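Structure data (TSV, C-alpha atoms) from protein_29.tsv:
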chain	number	residue	atom	x	y	z
A	1103	MET	CA	28.99	-16.87	53.37
A	1104	VAL	CA	28.72	-20.53	54.49
A	1105	PRO	CA	29.57	-23.33	51.98
A	1106	VAL	CA	25.99	-24.62	51.96
A	1107	LYS	CA	24.69	-21.24	50.83
A	1108	ILE	CA	27.33	-21.05	48.13
A	1109	ILE	CA	26.25	-24.45	46.80
A	1110	GLU	CA	22.60	-23.39	46.92
A	1111	SER	CA	23.48	-20.20	45.04
A	1112	VAL	CA	25.26	-22.19	42.33
A	1113	ILE	CA	22.37	-24.65	41.92
A	1114	THR	CA	19.88	-21.79	41.77
A	1115	GLY	CA	21.97	-20.08	39.09
A	1116	VAL	CA	22.17	-23.24	37.00
A	1117	ILE	CA	18.42	-23.93	37.00
A	1118	ALA	CA	17.08	-20.39	36.79
A	1119	GLY	CA	19.69	-19.28	34.25
A	1120	PHE	CA	18.64	-22.07	31.90
A	1121	ILE	CA	14.98	-21.11	32.34
A	1122	CYS	CA	15.84	-17.49	31.61
A	1123	GLY	CA	17.36	-18.36	28.25
A	1124	LEU	CA	14.64	-20.88	27.42
A	1125	THR	CA	11.56	-18.79	28.16
A	1126	GLY	CA	12.76	-15.18	28.03
A	1127	MET	CA	12.07	-14.68	31.70
A	1128	GLY	CA	14.80	-13.06	33.71
A	1129	GLY	CA	14.42	-15.94	36.15
A	1130	GLY	CA	12.81	-13.87	38.90
A	1131	THR	CA	9.86	-16.23	39.19
A	1132	ILE	CA	12.42	-18.81	40.30
A	1133	TYR	CA	14.89	-16.60	42.17
A	1134	VAL	CA	12.33	-14.85	44.36
A	1135	PRO	CA	10.76	-18.06	45.77
A	1136	VAL	CA	14.21	-19.64	46.27
A	1137	PHE	CA	15.73	-16.63	48.03
A	1138	TYR	CA	12.56	-16.22	50.07
A	1139	PHE	CA	12.00	-19.87	50.95
A	1140	LEU	CA	15.50	-21.43	51.13
A	1141	PHE	CA	17.72	-18.44	51.95
A	1142	ASN	CA	15.21	-16.99	54.44
A	1143	PHE	CA	15.45	-13.50	52.96
A	1144	SER	CA	12.58	-11.13	53.53
A	1145	ILE	CA	10.32	-10.81	50.50
A	1146	LYS	CA	11.82	-7.41	49.69
A	1147	GLU	CA	15.39	-8.75	49.99
A	1148	ALA	CA	14.45	-11.70	47.78
A	1149	ILE	CA	13.12	-9.30	45.16
A	1150	GLY	CA	16.13	-6.99	45.26
A	1151	THR	CA	18.66	-9.85	45.09
A	1152	SER	CA	16.65	-11.46	42.29
A	1153	LEU	CA	16.95	-8.32	40.19
A	1154	LEU	CA	20.72	-8.31	40.62
A	1155	VAL	CA	20.96	-11.89	39.33
A	1156	ILE	CA	18.68	-11.10	36.39
A	1157	VAL	CA	21.09	-8.41	35.20
A	1158	PHE	CA	23.70	-11.13	34.70
A	1159	SER	CA	21.59	-13.91	33.20
A	1160	SER	CA	19.55	-11.80	30.81
A	1161	ILE	CA	22.62	-10.34	29.09
A	1162	SER	CA	24.02	-13.68	27.95
A	1163	ALA	CA	20.62	-14.98	26.79
A	1164	PHE	CA	19.98	-11.72	24.93
A	1165	LEU	CA	23.22	-12.03	22.98
A	1166	VAL	CA	22.28	-15.51	21.77
A	1167	HIS	CA	18.85	-14.36	20.58
A	1168	MET	CA	20.39	-11.32	18.91
A	1169	ARG	CA	22.75	-13.52	16.91
A	1170	GLY	CA	19.73	-15.63	15.97
A	1171	LYS	CA	17.93	-12.49	14.71
A	1172	GLN	CA	14.99	-13.08	17.05
A	1173	ILE	CA	14.64	-9.53	18.34
A	1174	ASP	CA	12.40	-6.73	17.07
A	1175	PHE	CA	14.52	-3.72	18.00
A	1176	ARG	CA	11.84	-1.24	16.97
A	1177	VAL	CA	9.44	-2.61	19.56
A	1178	ALA	CA	12.23	-3.09	22.09
A	1179	GLY	CA	13.09	0.62	21.99
A	1180	PHE	CA	9.62	1.64	23.18
A	1181	LEU	CA	9.49	-1.12	25.79
A	1182	ILE	CA	12.90	-0.30	27.24
A	1183	GLY	CA	12.27	3.43	27.62
A	1184	ALA	CA	8.94	2.92	29.33
A	1185	GLY	CA	10.24	-0.04	31.34
A	1186	ILE	CA	13.06	1.92	32.97
A	1187	VAL	CA	10.57	4.48	34.23
A	1188	GLY	CA	8.13	1.78	35.32
A	1189	ALA	CA	10.81	-0.12	37.28
A	1190	GLN	CA	11.55	2.95	39.39
A	1191	ILE	CA	7.84	3.43	40.05
A	1192	GLY	CA	7.50	-0.21	41.08
A	1193	THR	CA	10.54	-0.03	43.36
A	1194	ALA	CA	9.19	3.08	45.09
A	1195	ILE	CA	5.81	1.42	45.63
A	1196	THR	CA	7.37	-1.72	47.11
A	1197	ALA	CA	9.53	0.28	49.51
A	1198	ILE	CA	6.46	1.69	51.27
A	1199	LEU	CA	4.25	-1.43	51.18
A	1200	PRO	CA	4.21	-4.06	53.97
A	1201	ASP	CA	5.88	-7.38	53.13
A	1202	MET	CA	2.56	-9.25	53.05
A	1203	ALA	CA	1.14	-6.91	50.42
A	1204	VAL	CA	4.20	-7.42	48.21
A	1205	LYS	CA	3.94	-11.20	48.65
A	1206	ILE	CA	0.25	-11.24	47.70
A	1207	PHE	CA	0.98	-9.11	44.62
A	1208	PHE	CA	3.68	-11.50	43.41
A	1209	VAL	CA	1.56	-14.62	43.94
A	1210	CYS	CA	-1.56	-13.22	42.28
A	1211	LEU	CA	0.43	-11.92	39.32
A	1212	THR	CA	2.20	-15.18	38.56
A	1213	ILE	CA	-0.90	-17.35	38.89
A	1214	PHE	CA	-3.06	-15.02	36.78
A	1215	LEU	CA	-0.53	-14.85	33.97
A	1216	SER	CA	0.06	-18.59	34.12
A	1217	PHE	CA	-3.56	-19.32	33.28
A	1218	ASN	CA	-3.58	-16.70	30.54
A	1219	MET	CA	-0.51	-18.18	28.89
A	1220	TRP	CA	-1.97	-21.69	29.02
A	1221	LYS	CA	-5.03	-20.70	27.01
A	1222	GLU	CA	-4.79	-21.14	23.27
A	1223	LYS	CA	-5.38	-17.80	21.60
A	1224	ASN	CA	-4.31	-16.19	18.37
A	1225	GLY	CA	-0.79	-15.40	19.56
A	1226	ASN	CA	0.95	-17.42	16.86
A	1227	ASN	CA	0.67	-15.02	13.98
A	1228	GLU	CA	3.33	-16.27	11.62
A	1229	ASN	CA	2.77	-13.24	9.39
A	1230	TYR	CA	3.43	-10.88	12.27
A	1231	ASP	CA	4.90	-7.57	11.19
A	1232	THR	CA	4.36	-4.56	13.39
A	1233	GLY	CA	4.99	-2.17	10.51
A	1234	PHE	CA	4.04	0.18	13.32
A	1235	ASN	CA	0.45	-0.05	12.23
A	1236	LEU	CA	-0.13	-0.34	15.95
A	1237	LEU	CA	0.22	2.93	17.80
A	1238	PRO	CA	3.57	3.17	19.59
A	1239	LEU	CA	1.53	4.17	22.64
A	1240	LYS	CA	0.49	0.54	23.01
A	1241	PHE	CA	4.10	-0.56	23.27
A	1242	VAL	CA	4.83	2.24	25.72
A	1243	LEU	CA	1.96	1.12	27.96
A	1244	ILE	CA	3.07	-2.49	27.78
A	1245	GLY	CA	6.64	-1.46	28.63
A	1246	LEU	CA	5.46	0.65	31.54
A	1247	ALA	CA	3.43	-2.26	32.92
A	1248	GLY	CA	6.40	-4.58	32.58
A	1249	GLY	CA	8.67	-2.10	34.35
A	1250	ILE	CA	6.30	-1.61	37.29
A	1251	VAL	CA	5.92	-5.35	37.72
A	1252	SER	CA	9.70	-5.72	37.50
A	1253	GLY	CA	10.24	-3.23	40.29
A	1254	MET	CA	7.48	-4.64	42.50
A	1255	GLY	CA	7.93	-8.35	41.86
A	1256	GLY	CA	11.68	-8.79	41.55
A	1257	VAL	CA	11.34	-10.10	38.00
A	1258	GLY	CA	12.70	-8.79	34.73
A	1259	GLY	CA	9.21	-8.00	33.51
A	1260	ALA	CA	8.98	-10.89	31.04
A	1261	ILE	CA	6.07	-12.48	32.92
A	1262	VAL	CA	4.02	-9.48	31.78
A	1263	LEU	CA	5.72	-8.58	28.51
A	1264	VAL	CA	5.69	-12.02	26.90
A	1265	PRO	CA	1.95	-12.68	27.48
A	1266	LEU	CA	0.95	-9.17	26.38
A	1267	LEU	CA	3.09	-9.19	23.24
A	1268	HIS	CA	2.14	-12.75	22.34
A	1269	ILE	CA	-1.57	-12.77	23.19
A	1270	TYR	CA	-2.68	-9.20	22.54
A	1271	ILE	CA	-0.20	-7.97	19.91
A	1272	GLY	CA	0.20	-11.25	18.02
A	1273	MET	CA	3.99	-11.46	18.12
A	1274	PRO	CA	5.28	-15.05	17.60
A	1275	MET	CA	6.54	-16.68	20.81
A	1276	ASN	CA	10.19	-16.99	19.77
A	1277	LEU	CA	10.34	-13.33	18.74
A	1278	CYS	CA	8.59	-12.37	22.00
A	1279	ILE	CA	11.30	-14.08	24.01
A	1280	GLY	CA	14.21	-12.45	22.20
A	1281	THR	CA	12.66	-8.99	22.20
A	1282	THR	CA	11.68	-9.26	25.86
A	1283	LEU	CA	15.19	-10.22	26.94
A	1284	SER	CA	16.49	-6.86	25.72
A	1285	VAL	CA	13.92	-5.15	27.93
A	1286	VAL	CA	14.60	-7.43	30.91
A	1287	MET	CA	18.23	-6.28	31.03
A	1288	PHE	CA	17.32	-2.63	31.43
A	1289	ASN	CA	14.29	-3.19	33.70
A	1290	SER	CA	16.30	-5.28	36.15
A	1291	LEU	CA	19.24	-2.86	36.15
A	1292	SER	CA	16.93	0.07	36.81
A	1293	GLY	CA	15.09	-1.82	39.56
A	1294	VAL	CA	18.16	-3.12	41.37
A	1295	ILE	CA	19.56	0.40	41.71
A	1296	GLY	CA	16.46	1.35	43.67
A	1297	TYR	CA	16.69	-1.73	45.90
A	1298	LEU	CA	20.38	-1.13	46.56
A	1299	TYR	CA	19.50	2.36	47.71
A	1300	HIS	CA	17.01	0.92	50.21
A	1301	GLY	CA	19.42	-1.84	51.36
A	1302	PHE	CA	17.37	-4.76	50.05
A	1303	VAL	CA	20.10	-6.56	48.04
A	1304	HIS	CA	22.38	-9.41	49.19
A	1305	ILE	CA	25.23	-8.64	46.83
A	1306	GLN	CA	27.39	-11.73	47.48
A	1307	THR	CA	24.58	-14.22	46.98
A	1308	GLY	CA	23.34	-12.34	43.93
A	1309	ALA	CA	26.78	-12.18	42.34
A	1310	ILE	CA	27.51	-15.90	42.73
A	1311	THR	CA	24.10	-16.92	41.43
A	1312	GLY	CA	24.30	-14.42	38.58
A	1313	ILE	CA	27.73	-15.47	37.33
A	1314	VAL	CA	26.63	-19.10	37.14
A	1315	ALA	CA	23.37	-18.12	35.45
A	1316	VAL	CA	25.26	-16.34	32.66
A	1317	PHE	CA	26.54	-19.64	31.30
A	1318	THR	CA	23.38	-21.73	31.71
A	1319	ALA	CA	21.28	-18.96	30.14
A	1320	LEU	CA	23.33	-19.41	26.97
A	1321	VAL	CA	22.35	-23.07	26.84
A	1322	GLY	CA	18.69	-22.28	27.50
A	1323	ALA	CA	18.62	-19.66	24.75
A	1324	LYS	CA	20.03	-22.08	22.18
A	1325	VAL	CA	17.42	-24.70	23.10
A	1326	SER	CA	14.68	-22.06	22.89
A	1327	MET	CA	15.48	-21.17	19.30
A	1328	ARG	CA	14.93	-24.79	18.27
A	1329	MET	CA	11.68	-25.41	20.14
A	1330	ASP	CA	8.11	-25.17	18.90
A	1331	HIS	CA	6.31	-22.04	20.14
A	1332	ARG	CA	3.45	-24.08	21.66
A	1333	LYS	CA	5.84	-26.04	23.85
A	1334	LEU	CA	7.52	-22.82	24.96
A	1335	ARG	CA	4.15	-21.35	25.87
A	1336	LYS	CA	3.20	-24.37	28.00
A	1337	ILE	CA	6.59	-24.41	29.72
A	1338	PHE	CA	6.27	-20.70	30.45
A	1339	SER	CA	2.81	-21.22	31.95
A	1340	ILE	CA	3.83	-24.14	34.17
A	1341	ILE	CA	6.87	-22.29	35.54
A	1342	LEU	CA	4.73	-19.29	36.45
A	1343	LEU	CA	2.21	-21.47	38.29
A	1344	ILE	CA	4.90	-23.33	40.24
A	1345	ALA	CA	6.63	-20.10	41.23
A	1346	GLY	CA	3.46	-18.45	42.44
A	1347	THR	CA	2.44	-21.51	44.44
A	1348	ALA	CA	5.91	-21.88	45.99
A	1349	VAL	CA	5.80	-18.44	47.56
A	1350	LEU	CA	2.57	-19.40	49.33
A	1351	ILE	CA	4.30	-22.25	51.17
A	1352	ARG	CA	6.36	-20.08	53.47
A	1353	ARG	CA	4.39	-17.96	55.94

Conversion result in structure tokens:
Amino acid sequence: MVPVKIIESVITGVIAGFICGLTGMGGGTIYVPVFYFLFNFSIKEAIGTSLLVIVFSSISAFLVHMRGKQIDFRVAGFLIGAGIVGAQIGTAITAILPDMAVKIFFVCLTIFLSFNMWKEKNGNNENYDTGFNLLPLKFVLIGLAGGIVSGMGGVGGAIVLVPLLHIYIGMPMNLCIGTTLSVVMFNSLSGVIGYLYHGFVHIQTGAITGIVAVFTALVGAKVSMRMDHRKLRKIFSIILLIAGTAVLIRR
């Protein structure tokens, strides 16, 4: 691995790791465009390598949020179980699709969710308490959707889970981020196993980027717990839009 690529991997880990901890995203919306655009990986290789990095960065950010008691483990249990299954489904779908179809899926997903997160809705329910008044089936369906997107898009699934939990379930943004990070860990681990099987993971690049991201994700998570939920929502939205647009640049 040439020195320039090592430096690029370190810089990518620093930036995306911080974003992971700050917004609850595994960082895939940053990793995929970077690996695809700067490292010249194929879109499937960018996705597979992204998932490997997310395994590293999401763990450290999750631990910070857990210590801050910003995780609803009841909800997380349903999301994780469904997400693991969904990630394998998404990986299998991607393996048989042409690269262009995968690229279009990723771009459309990020842009659509960006606009949805920007809108002001009733997501900030300070009195939120699942109490499991909502049918667990809803959480299972959300988890399944997050897992499929994780497997297909090279992300941890947070770009789907956070908007759905925040906008449609009413979970406060900070709690969304912490809860989602627990799911991201398992979704990305499940997905990367499938990509390794198909040979779509650059292990060395992923390992270097991931190790760096572990430390910067800790910083991002600490900043997140002190930020207003509205600012987090806007940041999340802008990052999604930039990531989706970036993938369009490279033909």

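Residue nearest A:Ala1247 within the list A:Ala1184, A:Phe1207, A:Ile1132, A:Leu1342: A:Ala1184 [criterion: smallest interatomic distance, only C-alpha atoms].
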
(request) Rank A:Gly1188, A:Gly1280, A:Gly1245, A:Pro1274 by their smallest atom-to-atom distance to A:Lys1171, using all atoms listed in the file, and report the top residue only. (result) A:Gly1280

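Minimum atom-to-atom distances from A:Val1264, A:Val1116, A:Ile1244, A:Ala1148 to A:Ser1339 were compared using all atoms listed in the file, and the lowest value belongs to A:Val1264.
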
Applying 10 Å and all atoms listed in the file, which residues near A:Val1177 remain after dropping the ones on its own chain fewer than 5 positions away? List them as a PDB file with C-alpha atoms, in the frame of the given file.
ATOM      1  CA  ILE A1182      12.900  -0.300  27.240  1.00  0.00           C
ATOM      2  CA  THR A1232       4.360  -4.560  13.390  1.00  0.00           C
ATOM      3  CA  PHE A1234       4.040   0.180  13.320  1.00  0.00           C
ATOM      4  CA  PRO A1238       3.570   3.170  19.590  1.00  0.00           C
ATOM      5  CA  PHE A1241       4.100  -0.560  23.270  1.00  0.00           C
ATOM      6  CA  VAL A1242       4.830   2.240  25.720  1.00  0.00           C
ATOM      7  CA  GLY A1245       6.640  -1.460  28.630  1.00  0.00           C
ATOM      8  CA  LEU A1267       3.090  -9.190  23.240  1.00  0.00           C
ATOM      9  CA  THR A1281      12.660  -8.990  22.200  1.00  0.00           C
ATOM     10  CA  THR A1282      11.680  -9.260  25.860  1.00  0.00           C
ATOM     11  CA  VAL A1285      13.920  -5.150  27.930  1.00  0.00           C
TER      12      VAL A1285
END

(message) List the spatial neighbours of A:Thr1196 as a PyMOL selection string - criterion: any atom at most 12 Å away, all atoms listed in the file, same-chain residues fewer than 2 positions off excluded.
(response) chain A and resi 1145-1147+1149-1150+1189-1194+1198-1208+1250-1256+1293+1296-1297+1300+1302

(request) Mind checking which residues fall within 10 Å of A:Leu1153, counting only C-alpha atoms, ignoring those fewer than 6 positions away in the same chain, and posting them as an NGL selection string? (result) :A and (1128-1130 or 1133-1134 or 1147 or 1252-1253 or 1255-1258 or 1286-1287 or 1289-1295 or 1297 or 1303 or 1308 or 1312)

Could you take the residues named above and write them with C-alpha atoms, as a JSON list (two decimals), in the coordinates of the input?
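The resulting file, result.json, is reproduced below:
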[["chain", "number", "residue", "atom", "x", "y", "z"],
["A", 1128, "GLY", "CA", 14.80, -13.06, 33.71],
["A", 1129, "GLY", "CA", 14.42, -15.94, 36.15],
["A", 1130, "GLY", "CA", 12.81, -13.87, 38.90],
["A", 1133, "TYR", "CA", 14.89, -16.60, 42.17],
["A", 1134, "VAL", "CA", 12.33, -14.85, 44.36],
["A", 1147, "GLU", "CA", 15.39, -8.75, 49.99],
["A", 1252, "SER", "CA", 9.70, -5.72, 37.50],
["A", 1253, "GLY", "CA", 10.24, -3.23, 40.29],
["A", 1255, "GLY", "CA", 7.93, -8.35, 41.86],
["A", 1256, "GLY", "CA", 11.68, -8.79, 41.55],
["A", 1257, "VAL", "CA", 11.34, -10.10, 38.00],
["A", 1258, "GLY", "CA", 12.70, -8.79, 34.73],
["A", 1286, "VAL", "CA", 14.60, -7.43, 30.91],
["A", 1287, "MET", "CA", 18.23, -6.28, 31.03],
["A", 1289, "ASN", "CA", 14.29, -3.19, 33.70],
["A", 1290, "SER", "CA", 16.30, -5.28, 36.15],
["A", 1291, "LEU", "CA", 19.24, -2.86, 36.15],
["A", 1292, "SER", "CA", 16.93, 0.07, 36.81],
["A", 1293, "GLY", "CA", 15.09, -1.82, 39.56],
["A", 1294, "VAL", "CA", 18.16, -3.12, 41.37],
["A", 1295, "ILE", "CA", 19.56, 0.40, 41.71],
["A", 1297, "TYR", "CA", 16.69, -1.73, 45.90],
["A", 1303, "VAL", "CA", 20.10, -6.56, 48.04],
["A", 1308, "GLY", "CA", 23.34, -12.34, 43.93],
["A", 1312, "GLY", "CA", 24.30, -14.42, 38.58]]

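With only C-alpha atoms as the basis for measurement, A:Pro1265 is the residue among A:Pro1265, A:Pro1135, A:Gly1185, A:Gly1170 that approaches A:Ser1216 most closely.
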
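For the set A:Lys1107, A:Arg1169, A:Arg1176, A:Arg1335, the residue with the smallest atom-to-atom gap to A:His1268 is A:Arg1335, counting all atoms listed in the file.
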
(message) Please compute the atom CA of A:Ala1197-atom CA of A:Leu1154 distance, one decimal, in Å.
(response) 16.7 Å

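For the pair atom CA of A:Met1275 and atom CA of A:Thr1318, the interatomic distance is 20.7 Å.
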
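With distances taken over all atoms listed in the file, A:Ile1108 is the one residue among A:Leu1211, A:Ile1117, A:Cys1122, A:Ile1108 lying closest to A:Phe1141.
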
(message) Quick check, in Å to one decimal: how far apart do atom CA of A:Leu1263 and atom CA of A:Arg1328 lie?
(response) 21.3 Å

(request) Extract, using only C-alpha atoms, all DNA, RNA and protein residues at most 12 Å from A:Ile1310, discarding same-chain residues fewer than 3 positions from it, and format them as a list in words. (result) Met1103, Lys1107, Ile1108, Ile1109, Glu1110, Ser1111, Val1112, Ile1113, Thr1114, Gly1115, Val1116, Thr1151, Ser1152, Leu1154, Val1155, Ile1156, Phe1158, Ser1159, His1304, Ile1305, Gln1306, Thr1307, Ile1313, Val1314, Ala1315 and Val1316 of chain A

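Residues lying within 10 Å of A:Leu1266, counting all atoms listed in the file and ignoring same-chain neighbours fewer than 4 positions away, are Leu1215, Asn1218, Met1219, Gly1225, Phe1241, Ile1244, Gly1245, Ala1247, Gly1248, Ala1260, Ile1261, Val1262, Tyr1270, Ile1271, Gly1272, Met1273 and Cys1278 of chain A.
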